[in-house]
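Notes follow the structure.
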Protein chains: 2
Amino acid sequence: MPRSRQDPSRQERARLRREEIIAVAAEMFARGGYRGTSLADIAARAGISEPGLLHHFGSKAGLLLAVIERRDLDSEMFAMELLGMEPTGRLRALPEFARRNKDRVGLAKLFTVLVAESLEPGAPGHQHFVDRYRAMRAIVADSIRSAQAAGLTRADIDPAAKAAEIIATLDGLQTQWLLDPDMIDIVAGVESYARTLEHDLTCGLP
Amino acid sequence: MPRSRQDPSRQERARLRREEIIAVAAEMFARGGYRGTSLADIAARAGISEPGLLHHFGSKAGLLLAVIERRDLDSEMFAMELLGMEPTGRLRALPEFARRNKDRVGLAKLFTVLVAESLEPGAPGHQHFVDRYRAMRAIVADSIRSAQAAGLTRADIDPAAKAAEIIATLDGLQTQWLLDPDMIDIVAGVESYARTLEHDLTCGLP
């Protein structure tokens, strides 16, 4: 009897193969950028033909979106954890986030490179990153609003502006660390910023 | 008599031609990245042969460094202006910096893209950006130290950590603005951050 398309072991093998290719592409995009890495290079490194690669992902842009999706799973899980915490717990969780990223320098690099390659409206990852930043700012702004309502944060802070600022600082520290890890310790930098933020949000509270 | 190599009008024409090519390359790197732009594309757009381009810049990396140098002239002039100001004046000058960058979105994009493409130690712009960030952090840290010595800034702030944080926030806000200019107004964002910073540096001063 020929294998059915529903054969679970075959499906599972295809899924694993897909995950392998995504991991190879993520590593190559992190080092050489999306633009600087060809489908042929990825296919060769993953030990698959270029048509085989296109069969799995449709196009180079399709592969990029699969890589981004994979990477986002991690940070979304962290965002959900954050949302379950008290506001002060959230501040304390920031260095933990940095600690996780430090262990995954490739993923951090991938994110920094892909955002920069997605600034132009026509870039394949553009809408994804626009949406992602809007969602992240909304989550952080809501968190600030709750803390203000509970009297834990200064009322004269604009939640939307502060949310953009917090995300900006964490992104920017990450870039300096990736560029110059001998000079910038990302965990110490984020710990220091968590103290800044606590002072910022509370100093002058009645 | 044949033209001498010292002929000033010929030298001037070569200089202008060089500047034109740098401007074309800067625009193309900002849109397509260094990695995503070929020397052949730049030569075609600049109306010069590829050997002619190499005659001026030696290599693609040489052209990149010329583009970076050109871009840095602007920000160095601004840094020197900042250094001439009183600490409180420096804070107030930040939104002015954002206003200038807003008018030069191409340059801002170029910087964001090139830094991300220079994270790897082997990248042609790597050492330049490592040195540049170290120099910027040193300038900002010195400025914080002076303000602390004058009693204008909290003494319990670590100047080096705060310098990295300030530069990180400005870089990160710029990235969010470049990605999503409909949602993020860079001038309002930096104005808001200048207020954050003033509160951060002074709230709790005796």
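Ordering of the structure tokens sets the chain letters (A, B, ...); residue numbers start at 1 within each chain; ligands are numbered from 1 in the order shown.
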First superpose chain B onto chain A using a least-squares fit over all Cα atoms taken in order; then report the RMSD in Å.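 Answer to one decimal place: 0.0 Å.
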Residues of chain A near chain B: apply a cut-off of 6 Å, count only C-alpha atoms, and supply the list as a list in words.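 Close enough to count are Arg35, Gly36, Val113, Ala116, Leu119, Ala168, Thr169, Asp171, Gly172, Leu173, Leu179 and Asp200 of chain A.
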Which residue gives the smallest distance to Ala155 of chain B among B:Ala93, B:Val187, B:Leu205, B:Met136, with only C-alpha atoms counted? B:Leu205
Tell me which protein, DNA and RNA residues are within 9 Å of Ile21 of chain A, counting only C-alpha atoms, leaving out same-chain ones fewer than 6 positions away, and put them as a PyMOL selection string. chain A and resi 42-43+45-48+53+63
Output C-alpha atoms for every residue in the selection just made, as a short mmCIF file (atom, residue, chain, number, x, y, z; two decimals), in the first residue's frame.
data_model
loop_
_atom_site.label_atom_id
_atom_site.label_comp_id
_atom_site.auth_asym_id
_atom_site.auth_seq_id
_atom_site.Cartn_x
_atom_site.Cartn_y
_atom_site.Cartn_z
CA ILE A 42 20.57 28.20 2.56
CA ALA A 43 19.61 25.18 0.46
CA ARG A 45 23.81 24.45 4.00
CA ALA A 46 20.54 22.66 4.83
CA GLY A 47 21.34 19.84 2.40
CA ILE A 48 18.22 20.35 0.29
CA LEU A 53 13.26 24.63 -0.24
CA LEU A 63 11.08 31.45 4.58
#
Based on the backbone DSSP call, show me all residues of segment 85-175 of chain A assigned alpha helix (DSSP H), as a VMD selection string. chain A and resid 87 to 103 105 to 116 126 to 149 159 to 175
